[in-house]
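Next comes upload12.cif, with mmCIF, C-alpha atoms.
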data_start
#
loop_
_atom_site.label_atom_id
_atom_site.label_comp_id
_atom_site.auth_asym_id
_atom_site.auth_seq_id
_atom_site.Cartn_x
_atom_site.Cartn_y
_atom_site.Cartn_z
CA MET N 554 -18.15 -3.89 7.66
CA THR N 555 -18.76 -7.14 5.81
CA THR N 556 -16.15 -9.84 5.46
CA MET N 557 -16.47 -11.24 1.96
CA PRO N 558 -15.71 -14.83 1.04
CA ILE N 559 -12.07 -15.41 0.18
CA LEU N 560 -11.81 -14.35 -3.45
CA ASN N 561 -9.82 -16.28 -6.02
CA ILE N 562 -7.98 -13.71 -8.13
CA LEU N 563 -5.62 -15.05 -10.79
CA GLY N 564 -5.36 -18.33 -8.90
CA ILE N 565 -4.63 -16.63 -5.56
CA SER N 566 -7.00 -16.55 -2.57
CA LEU N 567 -7.29 -13.02 -1.20
CA ASP N 568 -8.79 -11.90 2.12
CA VAL N 569 -11.27 -9.08 1.37
CA LEU N 570 -13.32 -6.77 3.58
CA HIS N 571 -16.21 -4.73 2.17
CA ILE N 572 -17.56 -1.53 3.74
CA PRO N 573 -21.03 -1.11 2.17
CA PRO N 574 -22.75 2.24 1.75
CA ALA N 575 -25.44 3.28 4.23
CA PRO N 576 -28.96 3.70 2.80
CA THR N 577 -28.76 7.48 3.24
CA TRP N 578 -25.52 7.92 1.30
CA ALA N 579 -25.56 9.25 -2.25
CA PRO N 580 -23.88 7.10 -4.91
CA GLY N 581 -20.14 7.62 -5.12
CA PRO N 582 -16.83 5.93 -5.96
CA THR N 583 -15.40 3.16 -3.81
CA LEU N 584 -12.40 3.81 -1.59
CA VAL N 585 -9.88 1.00 -2.19
CA PHE N 586 -7.31 0.69 0.61
CA LEU N 587 -3.82 -0.60 -0.28
CA HIS N 588 -1.71 -1.61 2.72
CA GLU N 589 1.99 -1.16 3.45
CA GLY N 590 4.80 -3.71 3.15
CA LEU N 591 3.92 -5.45 6.42
CA GLY N 592 0.22 -4.56 6.44
CA SER N 593 -3.03 -6.48 6.13
CA VAL N 594 -6.78 -6.00 6.43
CA SER N 595 -6.64 -6.18 10.23
CA LEU N 596 -3.57 -3.95 10.61
CA TRP N 597 -5.57 -1.02 9.21
CA ARG N 598 -7.74 -1.49 12.34
CA ASP N 599 -10.90 0.65 12.11
CA TRP N 600 -9.44 3.60 10.18
CA PRO N 601 -10.92 2.60 6.79
CA LEU N 602 -14.38 2.35 8.36
CA GLN N 603 -13.99 5.76 10.01
CA LEU N 604 -12.88 7.38 6.76
CA CYS N 605 -15.67 5.77 4.72
CA GLN N 606 -18.26 6.95 7.22
CA GLN N 607 -16.85 10.47 7.24
CA LEU N 608 -16.82 10.67 3.43
CA GLN N 609 -20.05 8.65 3.08
CA LEU N 610 -18.43 6.40 0.51
CA PRO N 611 -18.18 2.59 0.34
CA GLY N 612 -14.84 0.90 0.85
CA LEU N 613 -12.83 -2.17 -0.08
CA VAL N 614 -9.95 -3.45 2.03
CA PHE N 615 -7.87 -6.49 1.11
CA SER N 616 -4.64 -8.25 2.01
CA ARG N 617 -2.15 -8.90 -0.76
CA GLN N 618 -0.85 -12.43 -1.25
CA GLY N 619 1.27 -13.52 1.69
CA TYR N 620 -0.30 -11.05 4.12
CA GLY N 621 -3.15 -11.29 6.63
CA ASN N 622 -5.37 -14.26 5.81
CA SER N 623 -4.63 -14.26 2.09
CA ALA N 624 -2.87 -17.24 0.53
CA PRO N 625 0.82 -17.53 1.47
CA VAL N 626 3.64 -17.23 -1.05
CA THR N 627 5.08 -20.66 -1.80
CA ASP N 628 8.79 -20.99 -0.93
CA VAL N 629 8.94 -17.29 -0.06
CA ARG N 630 12.76 -17.21 0.17
CA GLY N 631 13.44 -19.53 -2.78
CA GLU N 632 14.27 -18.76 -6.39
CA PRO N 633 11.61 -16.65 -8.17
CA ARG N 634 9.52 -18.67 -10.64
CA VAL N 635 6.03 -18.92 -12.12
CA VAL N 636 4.00 -22.13 -11.66
CA ASN N 637 0.61 -22.41 -13.39
CA GLY N 638 0.59 -18.66 -13.83
CA VAL N 639 1.24 -17.92 -10.14
CA ARG N 640 4.46 -16.34 -8.90
CA GLN N 641 6.40 -18.31 -6.30
CA GLY N 642 9.67 -17.83 -4.45
CA ARG N 643 11.22 -14.49 -3.53
CA LEU N 644 9.47 -11.35 -4.68
CA GLN N 645 11.00 -9.86 -7.80
CA SER N 646 11.96 -6.20 -8.01
CA ASP N 647 8.87 -5.50 -10.15
CA TYR N 648 6.49 -6.82 -7.47
CA MET N 649 4.69 -3.49 -7.00
CA HIS N 650 4.15 -3.18 -10.75
CA HIS N 651 2.73 -6.71 -10.73
CA GLU N 652 0.31 -5.77 -7.94
CA ALA N 653 -0.67 -2.46 -9.56
CA LEU N 654 -1.02 -3.56 -13.17
CA THR N 655 -2.03 -7.23 -12.91
CA VAL N 656 -3.53 -8.15 -9.53
CA LEU N 657 -5.40 -4.93 -8.66
CA PRO N 658 -7.10 -4.59 -12.09
CA ALA N 659 -8.23 -8.22 -11.86
CA LEU N 660 -9.64 -7.69 -8.36
CA LEU N 661 -11.49 -4.51 -9.34
CA HIS N 662 -12.90 -6.20 -12.44
CA ASN N 663 -14.06 -9.20 -10.38
CA LEU N 664 -15.97 -6.88 -8.01
CA GLY N 665 -17.28 -4.54 -10.70
CA ILE N 666 -15.46 -1.50 -9.29
CA GLN N 667 -14.71 1.19 -11.84
CA ALA N 668 -12.62 4.35 -11.30
CA PRO N 669 -12.08 3.92 -7.54
CA ILE N 670 -10.48 6.35 -5.12
CA LEU N 671 -7.20 4.66 -4.20
CA VAL N 672 -5.91 5.11 -0.65
CA GLY N 673 -2.42 3.65 -0.34
CA HIS N 674 0.10 3.55 2.50
CA SER N 675 3.86 3.03 1.94
CA ASP N 676 4.18 0.14 -0.56
CA GLY N 677 0.43 0.49 -1.06
CA GLY N 678 0.95 4.14 -1.93
CA THR N 679 3.50 3.19 -4.55
CA ILE N 680 1.13 0.58 -5.96
CA ALA N 681 -1.62 3.24 -6.10
CA LEU N 682 0.64 5.62 -8.04
CA ILE N 683 1.63 2.95 -10.56
CA HIS N 684 -1.99 1.90 -11.05
CA ALA N 685 -3.19 5.50 -11.45
CA SER N 686 -0.51 6.10 -14.09
CA GLN N 687 -2.13 3.52 -16.40
CA HIS N 688 -5.73 3.02 -15.25
CA PRO N 689 -8.65 5.41 -14.68
CA VAL N 690 -9.19 6.38 -11.03
CA ALA N 691 -11.44 9.02 -9.50
CA ALA N 692 -8.60 10.17 -7.24
CA CYS N 693 -5.40 8.92 -5.66
CA ILE N 694 -4.39 9.43 -2.02
CA VAL N 695 -0.95 8.22 -0.97
CA MET N 696 0.66 8.24 2.48
CA ALA N 697 4.43 7.76 2.85
CA PRO N 698 4.84 6.37 -0.68
CA HIS N 699 8.15 5.40 -2.28
CA VAL N 700 8.96 6.63 -5.79
CA SER N 701 12.65 5.73 -5.50
CA VAL N 702 14.92 3.95 -3.02
CA GLU N 703 16.67 6.13 -0.44
CA GLU N 704 19.51 5.06 1.83
CA VAL N 705 17.39 5.96 4.87
CA SER N 706 14.83 3.39 3.73
CA VAL N 707 17.46 0.68 3.37
CA GLN N 708 18.81 1.46 6.84
CA ALA N 709 15.36 1.32 8.45
CA ILE N 710 14.50 -1.95 6.72
CA THR N 711 17.84 -3.42 7.81
CA GLN N 712 16.98 -2.48 11.39
CA ALA N 713 13.58 -4.14 10.93
CA ARG N 714 15.37 -7.36 9.92
CA GLU N 715 17.38 -7.26 13.13
CA ALA N 716 14.24 -6.67 15.21
CA PHE N 717 12.47 -9.56 13.47
CA SER N 718 15.44 -11.89 13.93
CA GLN N 719 15.41 -11.10 17.65
CA GLY N 720 11.72 -12.04 17.83
CA VAL N 721 10.35 -8.69 18.95
CA LEU N 722 8.84 -7.58 15.65
CA GLY N 723 7.59 -11.02 14.70
CA GLU N 724 5.72 -11.38 17.97
CA ARG N 725 3.92 -8.09 17.36
CA LEU N 726 3.08 -8.86 13.73
CA ALA N 727 1.86 -12.41 14.39
CA LYS N 728 -1.55 -11.02 15.42
CA PHE N 729 -2.11 -9.70 11.91
CA HIS N 730 -0.72 -12.43 9.63
CA ALA N 731 -1.51 -16.13 9.32
CA ASP N 732 2.06 -16.67 8.04
CA VAL N 733 4.10 -13.99 9.78
CA ASP N 734 7.45 -15.33 8.54
CA GLY N 735 6.26 -15.25 4.95
CA ALA N 736 4.79 -11.77 5.34
CA PHE N 737 8.03 -10.39 6.73
CA TRP N 738 10.59 -12.04 4.50
CA GLN N 739 8.87 -11.39 1.18
CA TRP N 740 8.96 -7.65 1.94
CA ASN N 741 12.36 -7.52 3.64
CA ASP N 742 14.27 -9.64 1.15
CA VAL N 743 13.21 -7.72 -1.93
CA TRP N 744 13.81 -4.30 -0.38
CA LEU N 745 17.34 -5.29 0.66
CA SER N 746 18.18 -6.95 -2.65
CA LYS N 747 20.70 -5.36 -5.01
CA GLY N 748 18.23 -5.47 -7.88
CA PHE N 749 15.74 -3.28 -6.06
CA ARG N 750 18.18 -0.40 -5.47
CA SER N 751 17.41 0.95 -8.96
CA PHE N 752 13.62 1.01 -8.40
CA ASP N 753 12.39 4.40 -9.64
CA ILE N 754 8.89 5.34 -10.87
CA ARG N 755 9.33 9.11 -11.09
CA GLN N 756 9.06 9.17 -14.87
CA GLU N 757 6.11 6.76 -14.89
CA ILE N 758 3.91 8.83 -12.60
CA GLU N 759 4.03 11.78 -14.99
CA ARG N 760 1.12 10.06 -16.75
CA ILE N 761 -1.20 10.52 -13.73
CA THR N 762 -4.05 12.88 -14.57
CA ALA N 763 -6.38 12.12 -11.64
CA PRO N 764 -6.47 14.37 -8.55
CA LEU N 765 -3.57 13.36 -6.30
CA LEU N 766 -2.96 13.95 -2.59
CA ALA N 767 0.44 12.96 -1.15
CA ILE N 768 0.90 12.87 2.64
CA GLN N 769 4.08 12.24 4.63
CA GLY N 770 5.28 12.65 8.19
CA VAL N 771 8.27 14.88 8.81
CA ASP N 772 9.69 12.20 11.14
CA ASP N 773 9.22 9.26 8.75
CA ALA N 774 12.06 6.78 9.37
CA TYR N 775 11.43 4.98 6.07
CA GLY N 776 11.74 7.92 3.70
CA THR N 777 12.43 11.64 3.52
CA LEU N 778 10.12 14.39 2.30
CA ALA N 779 11.98 14.15 -1.01
CA GLN N 780 9.60 11.31 -1.87
CA ILE N 781 6.47 13.46 -2.02
CA ASP N 782 8.41 16.49 -3.27
CA ASP N 783 9.47 14.35 -6.23
CA ILE N 784 5.84 13.36 -6.79
CA ALA N 785 4.82 17.03 -6.94
CA ARG N 786 7.73 17.77 -9.27
CA HIS N 787 6.62 15.12 -11.75
CA VAL N 788 2.86 15.50 -11.21
CA PRO N 789 2.42 19.28 -10.82
CA HIS N 790 -1.26 19.15 -9.82
CA THR N 791 -0.36 17.11 -6.69
CA GLN N 792 -1.57 18.46 -3.35
CA LEU N 793 1.01 17.93 -0.58
CA LEU N 794 0.54 17.54 3.16
CA LYS N 795 3.65 17.41 5.34
CA LEU N 796 2.84 16.54 8.95
CA PRO N 797 5.09 17.46 11.91
CA GLN N 798 5.33 15.03 14.83
CA CYS N 799 4.38 12.24 12.47
CA GLY N 800 6.23 9.08 11.46
CA HIS N 801 5.67 6.50 8.74
CA SER N 802 1.95 6.01 9.43
CA PRO N 803 0.16 9.37 9.13
CA HIS N 804 -3.30 7.80 9.54
CA LYS N 805 -2.21 6.45 12.93
CA ASP N 806 0.03 9.29 14.12
CA GLN N 807 -2.15 12.22 13.03
CA PRO N 808 -5.59 10.75 12.17
CA ALA N 809 -7.59 13.94 12.69
CA GLN N 810 -5.39 15.99 10.36
CA VAL N 811 -5.22 13.23 7.78
CA ASN N 812 -8.98 12.67 7.75
CA ALA N 813 -9.67 16.41 7.51
CA ALA N 814 -7.21 16.79 4.63
CA ILE N 815 -8.68 13.82 2.76
CA ALA N 816 -12.23 15.11 3.26
CA SER N 817 -11.27 18.55 1.95
CA PHE N 818 -9.44 16.99 -1.00
CA ILE N 819 -12.36 14.74 -1.93
CA ASN N 820 -14.94 17.50 -1.56
CA ARG N 821 -13.00 19.64 -4.03
#
As a first step, turn the structure in this file into structure tokens.
Amino acid sequence: MTTMPILNILGISLDVLHIPPAPTWAPGPTLVFLHEGLGSVSLWRDWPLQLCQQLQLPGLVFSRQGYGNSAPVTDVRGEPRVVNGVRQGRLQSDYMHHEALTVLPALLHNLGIQAPILVGHSDGGTIALIHASQHPVAACIVMAPHVSVEEVSVQAITQAREAFSQGVLGERLAKFHADVDGAFWQWNDVWLSKGFRSFDIRQEIERITAPLLAIQGVDDAYGTLAQIDDIARHVPHTQLLKLPQCGHSPHKDQPAQVNAAIASFINR
């Protein structure tokens, strides 16, 4: 893996990791990894590298603004505003649309990546779906995505706030974020805001024409299987994988099954 210089995308410095192809690999699309609400480049650990090597495809991993070593969000709990074209303050309820339709296209254009294979987890899965609904992608793989807000999600995120306030969660996350407070509150505040309760992309994703694989754990505390069932209902060509004994992170809880399913999906 190659750590790239911090990239300036739309006035924001983003932490980017590149997984280059080996000399023996045939040309192929780039896997672009989109992390969850509290994720970062380092929180993926070595799973992106393992998957790229198995598929023999190059990869791109990056931390969104406010996560990992990317630039922090200014005044992360203040009033939302735009200064010199850059969003500041609390995340707005359209933050995943902003990432999918503004930030991600700019990043891909900067790096010359066309029609990638998107691999998104949780919030990253939602961002992947939104992007694939309006931009060309070779394929879209989503794990534990959110297409609407369920009460179980709100309850789990409320519990996460309590764990963070008690210091337990923050201590664990501090290894993966330069500004752990900013990383946590930007995600937690928007998900627990009244304005976000109406978030719903089920109609939007009907425009997805690329191959789509949706994966979710049966024991996911942050969403029920209705999330990926709804995806299949609105995007009929979706391939579903429901994993028993698996929580919110299928690539960590059931890596062998996830990798095998992704390999089979890509080969087809």
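With distances restricted to all atoms listed in the file, N:Gly678 is the closest residue to N:His650 from N:Gly638, N:Gly678, N:Pro601, N:Pro633.
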>> Can you tell me which residues surround stretch 759-767 of chain N at a distance of at most 10 Å, considering only C-alpha atoms, apart from same-chain residues fewer than 4 positions away, and format the answer as a ChimeraX atom specification?
In response: /N:668,670-673,678,682-698,754-755,780-782,784-795,814-815,818-819,821
> Using only C-alpha atoms, which of N:Pro573, N:Gly564, N:Gly619, N:Pro580 sits nearest N:Leu644?
Replying inline: N:Gly619
>> Using the chain letters and numbers from this file, what does the PyMOL selection byres ((chain N and resi 582) around 6) select? Give the answer as a list in words.
In response: Gly581, Thr583 and Pro669 of chain N
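Those residues that approach N:Glu652 to within 10 Å, counting all atoms listed in the file, are Arg617, Gln618, Asp647, Tyr648, Met649, Thr655, Val656, Leu657, Pro658, Ala659, Gly677, Ile680, Ala681, Ile683 and His684 of chain N; same-chain residues fewer than 3 positions away are not listed.
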Can you rebuild stretch 683-703 of chain N with N, CA, C and O atoms and give it as a compact mmCIF listing (two decimals), in the frame of the given file?
# COMPACT_ATOMS: atom_id res chain seq x y z
N ILE N 683 1.40 3.70 -9.33
CA ILE N 683 1.63 2.95 -10.56
C ILE N 683 0.31 2.65 -11.26
O ILE N 683 0.17 2.81 -12.48
N HIS N 684 -0.68 2.22 -10.47
CA HIS N 684 -1.99 1.90 -11.05
C HIS N 684 -2.61 3.14 -11.68
O HIS N 684 -3.11 3.09 -12.81
N ALA N 685 -2.57 4.26 -10.95
CA ALA N 685 -3.19 5.50 -11.45
C ALA N 685 -2.49 6.04 -12.68
O ALA N 685 -3.08 6.82 -13.44
N SER N 686 -1.24 5.63 -12.91
CA SER N 686 -0.51 6.10 -14.09
C SER N 686 -0.98 5.40 -15.36
O SER N 686 -0.70 5.89 -16.47
N GLN N 687 -1.71 4.28 -15.22
CA GLN N 687 -2.13 3.52 -16.40
C GLN N 687 -3.60 3.14 -16.42
O GLN N 687 -4.08 2.63 -17.43
N HIS N 688 -4.31 3.38 -15.33
CA HIS N 688 -5.73 3.02 -15.25
C HIS N 688 -6.55 4.20 -14.75
O HIS N 688 -6.04 5.02 -13.96
N PRO N 689 -7.82 4.30 -15.15
CA PRO N 689 -8.65 5.41 -14.68
C PRO N 689 -8.99 5.26 -13.19
O PRO N 689 -9.41 4.20 -12.75
N VAL N 690 -8.79 6.32 -12.44
CA VAL N 690 -9.19 6.38 -11.03
C VAL N 690 -9.86 7.72 -10.79
O VAL N 690 -9.56 8.71 -11.46
N ALA N 691 -10.78 7.76 -9.83
CA ALA N 691 -11.44 9.02 -9.50
C ALA N 691 -10.48 9.96 -8.79
O ALA N 691 -10.54 11.18 -8.96
N ALA N 692 -9.60 9.40 -7.97
CA ALA N 692 -8.60 10.17 -7.24
C ALA N 692 -7.60 9.19 -6.65
O ALA N 692 -7.85 7.99 -6.57
N CYS N 693 -6.46 9.74 -6.23
CA CYS N 693 -5.40 8.92 -5.66
C CYS N 693 -4.86 9.62 -4.41
O CYS N 693 -4.46 10.78 -4.48
N ILE N 694 -4.88 8.90 -3.30
CA ILE N 694 -4.39 9.43 -2.02
C ILE N 694 -3.28 8.50 -1.55
O ILE N 694 -3.50 7.30 -1.37
N VAL N 695 -2.08 9.06 -1.36
CA VAL N 695 -0.95 8.22 -0.97
C VAL N 695 -0.31 8.77 0.30
O VAL N 695 -0.13 9.98 0.45
N MET N 696 0.02 7.88 1.22
CA MET N 696 0.66 8.24 2.48
C MET N 696 2.01 7.53 2.57
O MET N 696 2.08 6.31 2.44
N ALA N 697 3.07 8.29 2.74
CA ALA N 697 4.43 7.76 2.85
C ALA N 697 4.78 6.82 1.71
O ALA N 697 5.31 5.73 1.92
N PRO N 698 4.52 7.24 0.47
CA PRO N 698 4.84 6.37 -0.68
C PRO N 698 6.33 6.39 -0.98
O PRO N 698 7.08 7.24 -0.48
N HIS N 699 6.75 5.46 -1.83
CA HIS N 699 8.15 5.40 -2.28
C HIS N 699 8.16 5.50 -3.80
O HIS N 699 7.58 4.65 -4.48
N VAL N 700 8.82 6.53 -4.34
CA VAL N 700 8.96 6.63 -5.79
C VAL N 700 10.38 6.29 -6.22
O VAL N 700 10.66 6.13 -7.41
N SER N 701 11.29 6.19 -5.26
CA SER N 701 12.65 5.73 -5.50
C SER N 701 13.19 5.20 -4.17
O SER N 701 12.56 5.35 -3.13
N VAL N 702 14.34 4.55 -4.22
CA VAL N 702 14.92 3.95 -3.02
C VAL N 702 15.96 4.89 -2.42
O VAL N 702 16.94 5.27 -3.08
N GLU N 703 15.74 5.28 -1.16
CA GLU N 703 16.67 6.13 -0.44
C GLU N 703 17.49 5.29 0.54
O GLU N 703 17.02 4.25 1.03
